[in-house]
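S.K.: My structure is in run.cif, and what it holds is mmCIF, C-alpha atoms:
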data_my_file
#
loop_
_atom_site.label_atom_id
_atom_site.label_comp_id
_atom_site.auth_asym_id
_atom_site.auth_seq_id
_atom_site.Cartn_x
_atom_site.Cartn_y
_atom_site.Cartn_z
CA PRO O 1 -146.07 -123.03 -44.10
CA GLN O 2 -144.58 -120.89 -41.32
CA LEU O 3 -146.91 -118.03 -42.19
CA ALA O 4 -149.85 -120.45 -42.28
CA LEU O 5 -148.90 -121.69 -38.81
CA TYR O 6 -148.69 -118.11 -37.58
CA ALA O 7 -152.16 -117.44 -39.02
CA GLY O 8 -153.37 -120.58 -37.26
CA SER O 9 -151.97 -119.29 -33.99
CA LEU O 10 -153.85 -116.01 -34.42
CA PHE O 11 -157.02 -117.96 -35.20
CA VAL O 12 -156.66 -120.01 -32.02
CA GLN O 13 -156.11 -116.88 -29.94
CA GLY O 14 -159.21 -115.29 -31.46
CA ALA O 15 -161.22 -118.45 -30.88
CA VAL O 16 -160.24 -118.56 -27.20
CA LEU O 17 -161.25 -114.93 -26.71
CA LEU O 18 -164.51 -115.38 -28.61
CA LEU O 19 -165.40 -118.48 -26.61
CA LEU O 20 -164.82 -116.68 -23.32
CA VAL O 21 -166.94 -113.74 -24.45
CA LEU O 22 -169.82 -115.92 -25.65
CA ARG O 23 -169.67 -118.37 -22.76
CA PRO O 24 -167.81 -116.78 -19.84
CA PRO O 25 -166.97 -119.13 -16.96
CA ARG O 26 -169.59 -119.16 -14.22
CA VAL O 27 -167.02 -117.98 -11.69
CA LEU O 28 -166.69 -114.66 -13.55
CA ARG O 29 -170.45 -114.01 -13.41
CA ARG O 30 -170.61 -114.05 -9.63
CA GLU O 31 -170.76 -110.93 -7.46
CA TRP O 32 -167.35 -110.58 -5.84
CA ARG O 33 -166.44 -108.54 -2.79
CA HIS O 34 -163.27 -107.26 -4.46
CA PRO O 35 -164.11 -107.08 -8.18
CA VAL O 36 -160.95 -105.21 -9.17
CA ALA O 37 -158.72 -107.88 -7.63
CA ILE O 38 -160.78 -110.62 -9.28
CA ALA O 39 -160.50 -108.78 -12.59
CA ALA O 40 -156.71 -108.74 -12.23
CA LEU O 41 -156.70 -112.50 -11.65
CA ALA O 42 -159.03 -113.03 -14.61
CA GLY O 43 -156.81 -110.92 -16.87
CA ALA O 44 -153.73 -112.89 -15.88
CA ALA O 45 -155.56 -116.19 -16.35
CA LEU O 46 -156.77 -115.15 -19.80
CA SER O 47 -153.26 -114.17 -20.84
CA LEU O 48 -151.91 -117.56 -19.71
CA ALA O 49 -154.81 -119.42 -21.35
CA VAL O 50 -153.97 -117.91 -24.73
CA VAL O 51 -150.31 -118.96 -24.31
CA VAL O 52 -151.28 -122.53 -23.43
CA ALA O 53 -153.81 -122.75 -26.28
CA THR O 54 -151.23 -121.80 -28.91
CA LEU O 55 -148.39 -123.85 -27.40
CA PRO O 56 -148.68 -126.80 -29.85
CA ILE O 57 -148.53 -124.49 -32.88
CA ASP O 58 -145.63 -122.55 -31.36
CA ALA O 59 -143.75 -125.81 -30.81
CA VAL O 60 -144.26 -126.86 -34.44
CA MET O 61 -143.04 -123.46 -35.64
CA ARG O 62 -139.96 -123.75 -33.44
CA GLN O 63 -139.22 -127.28 -34.68
CA ARG O 64 -139.34 -126.04 -38.26
CA SER O 65 -136.85 -123.29 -37.32
CA VAL O 66 -134.56 -125.91 -35.78
CA GLU O 67 -134.73 -128.08 -38.89
CA VAL O 68 -133.55 -125.27 -41.17
CA GLY O 69 -130.79 -124.26 -38.74
CA LEU O 70 -132.33 -120.96 -37.64
CA ALA O 71 -133.13 -121.77 -33.99
CA THR O 72 -130.19 -122.81 -31.80
CA ARG O 73 -131.61 -122.86 -28.26
CA SER O 74 -132.44 -126.16 -26.57
CA TRP O 75 -136.04 -127.14 -25.93
CA GLY O 76 -135.46 -126.55 -22.23
CA GLY O 77 -134.18 -123.06 -22.94
CA TRP O 78 -137.13 -122.39 -25.24
CA ILE O 79 -139.62 -123.45 -22.56
CA TRP O 80 -137.81 -121.28 -19.99
CA ASP O 81 -138.05 -118.27 -22.32
CA LEU O 82 -141.72 -119.03 -22.94
CA ALA O 83 -142.45 -119.31 -19.22
CA ARG O 84 -140.77 -115.98 -18.44
CA SER O 85 -142.54 -114.28 -21.33
CA ALA O 86 -145.89 -115.73 -20.23
CA ALA O 87 -145.33 -114.55 -16.65
CA ILE O 88 -144.51 -111.01 -17.78
CA GLY O 89 -147.54 -110.99 -20.08
CA ALA O 90 -149.78 -112.18 -17.24
CA ILE O 91 -148.52 -109.41 -14.96
CA PHE O 92 -149.20 -106.75 -17.60
CA ALA O 93 -152.64 -108.25 -18.33
CA ALA O 94 -153.49 -108.26 -14.61
CA ILE O 95 -152.52 -104.60 -14.21
CA ALA O 96 -154.34 -103.51 -17.37
CA THR O 97 -157.52 -105.43 -16.51
CA ALA O 98 -157.59 -104.16 -12.93
CA ALA O 99 -157.10 -100.58 -14.12
CA ALA O 100 -159.85 -100.91 -16.73
CA ILE O 101 -162.38 -102.34 -14.28
CA ALA O 102 -161.49 -99.73 -11.65
CA LEU O 103 -162.07 -96.95 -14.19
CA MET O 104 -165.35 -98.50 -15.34
CA ARG O 105 -166.59 -98.60 -11.76
CA ARG O 106 -165.46 -95.04 -11.03
CA PHE O 107 -166.57 -93.48 -14.34
CA PRO O 108 -169.35 -95.72 -15.73
CA ARG O 109 -170.14 -93.52 -18.73
CA HIS O 110 -166.80 -91.97 -19.58
CA TRP O 111 -164.24 -94.54 -18.39
CA TRP O 112 -162.71 -94.71 -21.86
CA LEU O 113 -161.44 -91.12 -21.63
CA PRO O 114 -158.98 -91.59 -18.70
CA ALA O 115 -158.27 -95.10 -20.01
CA SER O 116 -157.03 -93.62 -23.30
CA GLY O 117 -154.65 -91.35 -21.42
CA LEU O 118 -153.40 -94.23 -19.30
CA VAL O 119 -152.77 -96.37 -22.39
CA ALA O 120 -150.69 -93.59 -23.95
CA VAL O 121 -148.68 -93.06 -20.76
CA ALA O 122 -148.21 -96.79 -20.19
CA GLY O 123 -147.04 -97.23 -23.78
CA ALA O 124 -144.41 -94.51 -23.39
CA VAL O 125 -143.24 -95.96 -20.06
CA LEU O 126 -142.93 -99.46 -21.56
CA VAL O 127 -140.99 -98.21 -24.58
CA PHE O 128 -138.65 -96.30 -22.27
CA ALA O 129 -138.22 -99.03 -19.64
CA GLY O 130 -138.30 -102.08 -21.91
CA PRO O 131 -134.61 -101.95 -22.89
CA LEU O 132 -133.60 -101.30 -19.28
CA VAL O 133 -135.83 -103.74 -17.41
CA ILE O 134 -137.49 -106.33 -19.67
CA GLU O 135 -134.97 -107.10 -22.43
CA PRO O 136 -132.10 -107.88 -19.98
CA ILE O 137 -134.28 -110.66 -18.51
CA PHE O 138 -133.85 -112.60 -21.75
CA ASN O 139 -130.49 -111.49 -23.14
CA ARG O 140 -127.09 -110.10 -22.20
CA PHE O 141 -126.14 -106.74 -23.69
CA GLU O 142 -122.65 -105.28 -24.03
CA HIS O 143 -121.45 -101.91 -25.31
CA LEU O 144 -120.01 -102.03 -28.81
CA PRO O 145 -116.38 -100.91 -28.49
CA GLN O 146 -115.11 -97.86 -30.30
CA GLY O 147 -114.14 -98.67 -33.86
CA SER O 148 -115.22 -98.52 -37.48
CA THR O 149 -118.47 -100.46 -36.93
CA ARG O 150 -119.64 -98.24 -34.09
CA THR O 151 -118.70 -95.12 -36.04
CA ALA O 152 -120.60 -96.37 -39.10
CA VAL O 153 -123.74 -97.09 -37.04
CA VAL O 154 -123.68 -93.70 -35.31
CA ASP O 155 -123.11 -91.91 -38.63
CA LEU O 156 -125.97 -93.81 -40.27
CA ALA O 157 -128.29 -92.96 -37.37
CA ALA O 158 -127.31 -89.29 -37.59
CA ARG O 159 -128.08 -89.23 -41.33
CA ALA O 160 -131.48 -90.79 -40.58
CA GLY O 161 -132.17 -88.17 -37.93
CA VAL O 162 -132.11 -90.68 -35.07
CA ASP O 163 -130.30 -89.57 -31.93
CA VAL O 164 -129.04 -92.81 -30.38
CA GLY O 165 -127.65 -92.79 -26.87
CA ASP O 166 -125.66 -96.00 -27.22
CA VAL O 167 -124.77 -98.89 -29.51
CA LEU O 168 -125.04 -102.34 -27.93
CA VAL O 169 -124.44 -105.94 -28.92
CA VAL O 170 -126.91 -108.66 -27.85
CA ASP O 171 -126.03 -112.34 -27.43
CA ALA O 172 -128.66 -113.41 -29.97
CA SER O 173 -126.56 -116.38 -31.10
CA LYS O 174 -127.74 -118.39 -28.09
CA ARG O 175 -131.18 -118.52 -29.73
CA THR O 176 -130.74 -118.03 -33.47
CA THR O 177 -128.33 -117.99 -36.39
CA GLY O 178 -130.18 -114.99 -37.84
CA ALA O 179 -128.51 -111.61 -38.25
CA ASN O 180 -130.43 -108.51 -37.29
CA ALA O 181 -130.28 -105.04 -35.74
CA TYR O 182 -132.89 -102.73 -34.27
CA VAL O 183 -133.49 -99.42 -32.52
CA THR O 184 -135.28 -99.50 -29.17
CA GLY O 185 -136.04 -97.24 -26.24
CA LEU O 186 -137.25 -93.70 -25.81
CA GLY O 187 -135.37 -90.58 -24.78
CA SER O 188 -132.32 -91.43 -22.68
CA SER O 189 -132.95 -95.19 -23.05
CA LYS O 190 -132.81 -95.10 -26.88
CA ARG O 191 -130.13 -97.35 -28.34
CA VAL O 192 -129.14 -99.31 -31.43
CA VAL O 193 -128.78 -103.04 -30.79
CA LEU O 194 -126.78 -105.32 -33.10
CA TYR O 195 -126.98 -109.11 -33.07
CA ASP O 196 -123.63 -110.70 -32.34
CA ASN O 197 -124.29 -112.86 -35.43
CA LEU O 198 -124.43 -109.70 -37.52
CA LEU O 199 -120.99 -108.59 -36.32
CA ARG O 200 -119.53 -112.01 -37.10
#
How would this structure read if it were set down as structure tokens?

M.R.:
Amino acid sequence: PQLALYAGSLFVQGAVLLLLVLRPPRVLRREWRHPVAIAALAGAALSLAVVVATLPIDAVMRQRSVEVGLATRSWGGWIWDLARSAAIGAIFAAIATAAAIALMRRFPRHWWLPASGLVAVAGAVLVFAGPLVIEPIFNRFEHLPQGSTRTAVVDLAARAGVDVGDVLVVDASKRTTGANAYVTGLGSSKRVVLYDNLLR
């Protein structure tokens, strides 16, 4: 059922996008004095619209996680996380949409060429900066002290050919009872992150 709900969420997102393409709001069809700025606002609004449209399904999925003991955060905390995530998504959507429209206006026939380069650069910047700027908005991270666990993680990474700069512990238990670990970052920001549940 959880996978079916996830598929339903994807369907709703696709339906919202398709509806806006087939029947764009009249306000978007007007001639604007500052089209790039309007595009940024439209991109942010679209990002938020998708979040709102899927909110009922997301709430049902979260309730199911609560019922099986996987989710631990209060509803208020969940809404706060959702609001912050939606705001960050809207900012990224605004920047991406404004950049795309600006390139289309500057290079009508070949806008996709510089856009491809920008996407690659932006992706690398986000992977590098995500652990330093975005992830700390939602969680607290601490360095894993020296000991057998840290040594085992570093040794495993070395055998896998992954050069990790640090090993951190995230306070995942405030949201979930799940145990997990992951590698994130790029270059000097690369690190292994362990859930505090996993250590327990």

S.K.: Take the PyMOL selection byres ((chain O and resi 199) around 12), apply it to the structure above, and return the hits as a short mmCIF file (atom, residue, chain, number, x, y, z; two decimals) with C-alpha atoms, keeping the file's coordinate frame.

M.R.:
data_model
loop_
_atom_site.label_atom_id
_atom_site.label_comp_id
_atom_site.auth_asym_id
_atom_site.auth_seq_id
_atom_site.Cartn_x
_atom_site.Cartn_y
_atom_site.Cartn_z
CA LEU O 144 -120.01 -102.03 -28.81
CA PRO O 145 -116.38 -100.91 -28.49
CA SER O 148 -115.22 -98.52 -37.48
CA THR O 149 -118.47 -100.46 -36.93
CA ARG O 150 -119.64 -98.24 -34.09
CA VAL O 153 -123.74 -97.09 -37.04
CA LEU O 168 -125.04 -102.34 -27.93
CA VAL O 169 -124.44 -105.94 -28.92
CA VAL O 170 -126.91 -108.66 -27.85
CA ASP O 171 -126.03 -112.34 -27.43
CA ALA O 172 -128.66 -113.41 -29.97
CA SER O 173 -126.56 -116.38 -31.10
CA THR O 177 -128.33 -117.99 -36.39
CA GLY O 178 -130.18 -114.99 -37.84
CA ALA O 179 -128.51 -111.61 -38.25
CA ASN O 180 -130.43 -108.51 -37.29
CA ALA O 181 -130.28 -105.04 -35.74
CA VAL O 193 -128.78 -103.04 -30.79
CA LEU O 194 -126.78 -105.32 -33.10
CA TYR O 195 -126.98 -109.11 -33.07
CA ASP O 196 -123.63 -110.70 -32.34
CA ASN O 197 -124.29 -112.86 -35.43
CA LEU O 198 -124.43 -109.70 -37.52
CA ARG O 200 -119.53 -112.01 -37.10
#

S.K.: Which of these, O:Leu17, O:Leu46, O:Ile38, O:Met61, has the shortest distance to Leu5 of chain O once you count all atoms listed in the file?

M.R.: O:Met61

S.K.: Would you mind telling me which residue in O:Leu48, O:Leu28, O:Leu20, O:Ala39 lies nearest to Met104 of chain O when using only C-alpha atoms?

M.R.: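 Closest to Met104 of chain O of all the choices is O:Ala39.
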
S.K.: Using only C-alpha atoms, pick whichever of O:Arg175, O:Ala122, O:Val183, O:Glu31 has the shortest atom-to-atom distance to Gly69 of chain O.

M.R.: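 Among the listed residues, O:Arg175 lies closest to Gly69 of chain O.
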
S.K.: As an exercise, work out the distance from atom CA of Phe107 of chain O to atom CA of Gly14 of chain O in Å and give it to one decimal place.

M.R.: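 Rounded to one decimal, the two atoms are 28.7 Å apart.
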
S.K.: Could you expand the PyMOL selection byres ((chain O and resi 102) around 12) into the explicit residues it covers here, written as a list of chain:residue names?

M.R.: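 Written out, the selection comes to O:His34, O:Pro35, O:Val36, O:Ala37, O:Ile38, O:Ala39, O:Ala40, O:Ile95, O:Ala96, O:Thr97, O:Ala98, O:Ala99, O:Ala100, O:Ile101, O:Leu103, O:Met104, O:Arg105, O:Arg106, O:Phe107, O:Pro108, O:Trp111, O:Trp112, O:Pro114, O:Ala115.
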
S.K.: For the residues selected in the previous step, produce a file with C-alpha atoms as an mmCIF file, in the coordinates of the input.

M.R.:
data_model
loop_
_atom_site.group_PDB
_atom_site.id
_atom_site.type_symbol
_atom_site.label_atom_id
_atom_site.label_comp_id
_atom_site.auth_asym_id
_atom_site.auth_seq_id
_atom_site.Cartn_x
_atom_site.Cartn_y
_atom_site.Cartn_z
ATOM 1 C CA HIS O 34 -163.270 -107.260 -4.460
ATOM 2 C CA PRO O 35 -164.110 -107.080 -8.180
ATOM 3 C CA VAL O 36 -160.950 -105.210 -9.170
ATOM 4 C CA ALA O 37 -158.720 -107.880 -7.630
ATOM 5 C CA ILE O 38 -160.780 -110.620 -9.280
ATOM 6 C CA ALA O 39 -160.500 -108.780 -12.590
ATOM 7 C CA ALA O 40 -156.710 -108.740 -12.230
ATOM 8 C CA ILE O 95 -152.520 -104.600 -14.210
ATOM 9 C CA ALA O 96 -154.340 -103.510 -17.370
ATOM 10 C CA THR O 97 -157.520 -105.430 -16.510
ATOM 11 C CA ALA O 98 -157.590 -104.160 -12.930
ATOM 12 C CA ALA O 99 -157.100 -100.580 -14.120
ATOM 13 C CA ALA O 100 -159.850 -100.910 -16.730
ATOM 14 C CA ILE O 101 -162.380 -102.340 -14.280
ATOM 15 C CA LEU O 103 -162.070 -96.950 -14.190
ATOM 16 C CA MET O 104 -165.350 -98.500 -15.340
ATOM 17 C CA ARG O 105 -166.590 -98.600 -11.760
ATOM 18 C CA ARG O 106 -165.460 -95.040 -11.030
ATOM 19 C CA PHE O 107 -166.570 -93.480 -14.340
ATOM 20 C CA PRO O 108 -169.350 -95.720 -15.730
ATOM 21 C CA TRP O 111 -164.240 -94.540 -18.390
ATOM 22 C CA TRP O 112 -162.710 -94.710 -21.860
ATOM 23 C CA PRO O 114 -158.980 -91.590 -18.700
ATOM 24 C CA ALA O 115 -158.270 -95.100 -20.010
#

S.K.: Translate the PyMOL selection byres ((chain O and resi 186) around 9), as applied to the file shown, into an explicit residue set as an MDAnalysis selection string.

M.R.: chainID O and resid 124:125 127:129 184:185 187:191

S.K.: Find, counting all atoms listed in the file, the residue in O:Pro131, O:Pro25, O:Gly117, O:Gly123 that gets nearest to Asp166 of chain O.

M.R.: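 Between O:Pro131, O:Pro25, O:Gly117, O:Gly123, the residue approaching Asp166 of chain O most closely is O:Pro131.
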
S.K.: Calculated over all atoms listed in the file, which of the candidates O:Ile57, O:Leu22, O:Leu41, O:Ile134 has the smallest distance to Arg84 of chain O?

M.R.: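 The answer is O:Ile134, which sits nearest to Arg84 of chain O.
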
S.K.: What is the distance between atom CA of Pro1 of chain O and atom CA of Ser65 of chain O, in Å to one decimal?

M.R.: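 Computing the Euclidean distance for atom CA of Pro1 of chain O and atom CA of Ser65 of chain O yields 11.4 Å.
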
S.K.: With N, CA and C atoms as the goal, would you fill in the gaps in segment 174-187 of chain O and present it as a PDB file, keeping the file's coordinate frame?

M.R.:
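Written file, out_1.pdb:
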ATOM      1  N   LYS O 174    -127.317-117.285 -28.946  1.00  0.00           N
ATOM      2  CA  LYS O 174    -127.740-118.390 -28.090  1.00  0.00           C
ATOM      3  C   LYS O 174    -129.140-118.884 -28.449  1.00  0.00           C
ATOM      4  N   ARG O 175    -129.845-118.113 -29.305  1.00  0.00           N
ATOM      5  CA  ARG O 175    -131.180-118.520 -29.730  1.00  0.00           C
ATOM      6  C   ARG O 175    -131.310-118.725 -31.230  1.00  0.00           C
ATOM      7  N   THR O 176    -130.523-118.002 -32.028  1.00  0.00           N
ATOM      8  CA  THR O 176    -130.740-118.030 -33.470  1.00  0.00           C
ATOM      9  C   THR O 176    -129.431-117.834 -34.233  1.00  0.00           C
ATOM     10  N   THR O 177    -129.448-118.265 -35.488  1.00  0.00           N
ATOM     11  CA  THR O 177    -128.330-117.990 -36.390  1.00  0.00           C
ATOM     12  C   THR O 177    -128.611-116.752 -37.235  1.00  0.00           C
ATOM     13  N   GLY O 178    -129.807-116.168 -37.057  1.00  0.00           N
ATOM     14  CA  GLY O 178    -130.180-114.990 -37.840  1.00  0.00           C
ATOM     15  C   GLY O 178    -129.349-113.779 -37.484  1.00  0.00           C
ATOM     16  N   ALA O 179    -129.240-112.866 -38.442  1.00  0.00           N
ATOM     17  CA  ALA O 179    -128.510-111.610 -38.250  1.00  0.00           C
ATOM     18  C   ALA O 179    -129.502-110.461 -38.314  1.00  0.00           C
ATOM     19  N   ASN O 180    -129.449-109.587 -37.331  1.00  0.00           N
ATOM     20  CA  ASN O 180    -130.430-108.510 -37.290  1.00  0.00           C
ATOM     21  C   ASN O 180    -129.881-107.338 -36.477  1.00  0.00           C
ATOM     22  N   ALA O 181    -130.597-106.230 -36.541  1.00  0.00           N
ATOM     23  CA  ALA O 181    -130.280-105.040 -35.740  1.00  0.00           C
ATOM     24  C   ALA O 181    -131.578-104.266 -35.567  1.00  0.00           C
ATOM     25  N   TYR O 182    -131.667-103.493 -34.499  1.00  0.00           N
ATOM     26  CA  TYR O 182    -132.890-102.730 -34.270  1.00  0.00           C
ATOM     27  C   TYR O 182    -132.606-101.532 -33.371  1.00  0.00           C
ATOM     28  N   VAL O 183    -133.542-100.580 -33.406  1.00  0.00           N
ATOM     29  CA  VAL O 183    -133.490 -99.420 -32.520  1.00  0.00           C
ATOM     30  C   VAL O 183    -134.595 -99.603 -31.486  1.00  0.00           C
ATOM     31  N   THR O 184    -134.302 -99.341 -30.234  1.00  0.00           N
ATOM     32  CA  THR O 184    -135.280 -99.500 -29.170  1.00  0.00           C
ATOM     33  C   THR O 184    -135.118 -98.391 -28.151  1.00  0.00           C
ATOM     34  N   GLY O 185    -136.122 -98.238 -27.299  1.00  0.00           N
ATOM     35  CA  GLY O 185    -136.040 -97.240 -26.240  1.00  0.00           C
ATOM     36  C   GLY O 185    -136.665 -95.913 -26.618  1.00  0.00           C
ATOM     37  N   LEU O 186    -136.653 -95.018 -25.656  1.00  0.00           N
ATOM     38  CA  LEU O 186    -137.250 -93.700 -25.810  1.00  0.00           C
ATOM     39  C   LEU O 186    -136.452 -92.722 -24.957  1.00  0.00           C
ATOM     40  N   GLY O 187    -136.130 -91.573 -25.528  1.00  0.00           N
ATOM     41  CA  GLY O 187    -135.370 -90.580 -24.780  1.00  0.00           C
ATOM     42  C   GLY O 187    -133.983 -91.097 -24.414  1.00  0.00           C
TER      43      GLY O 187
END
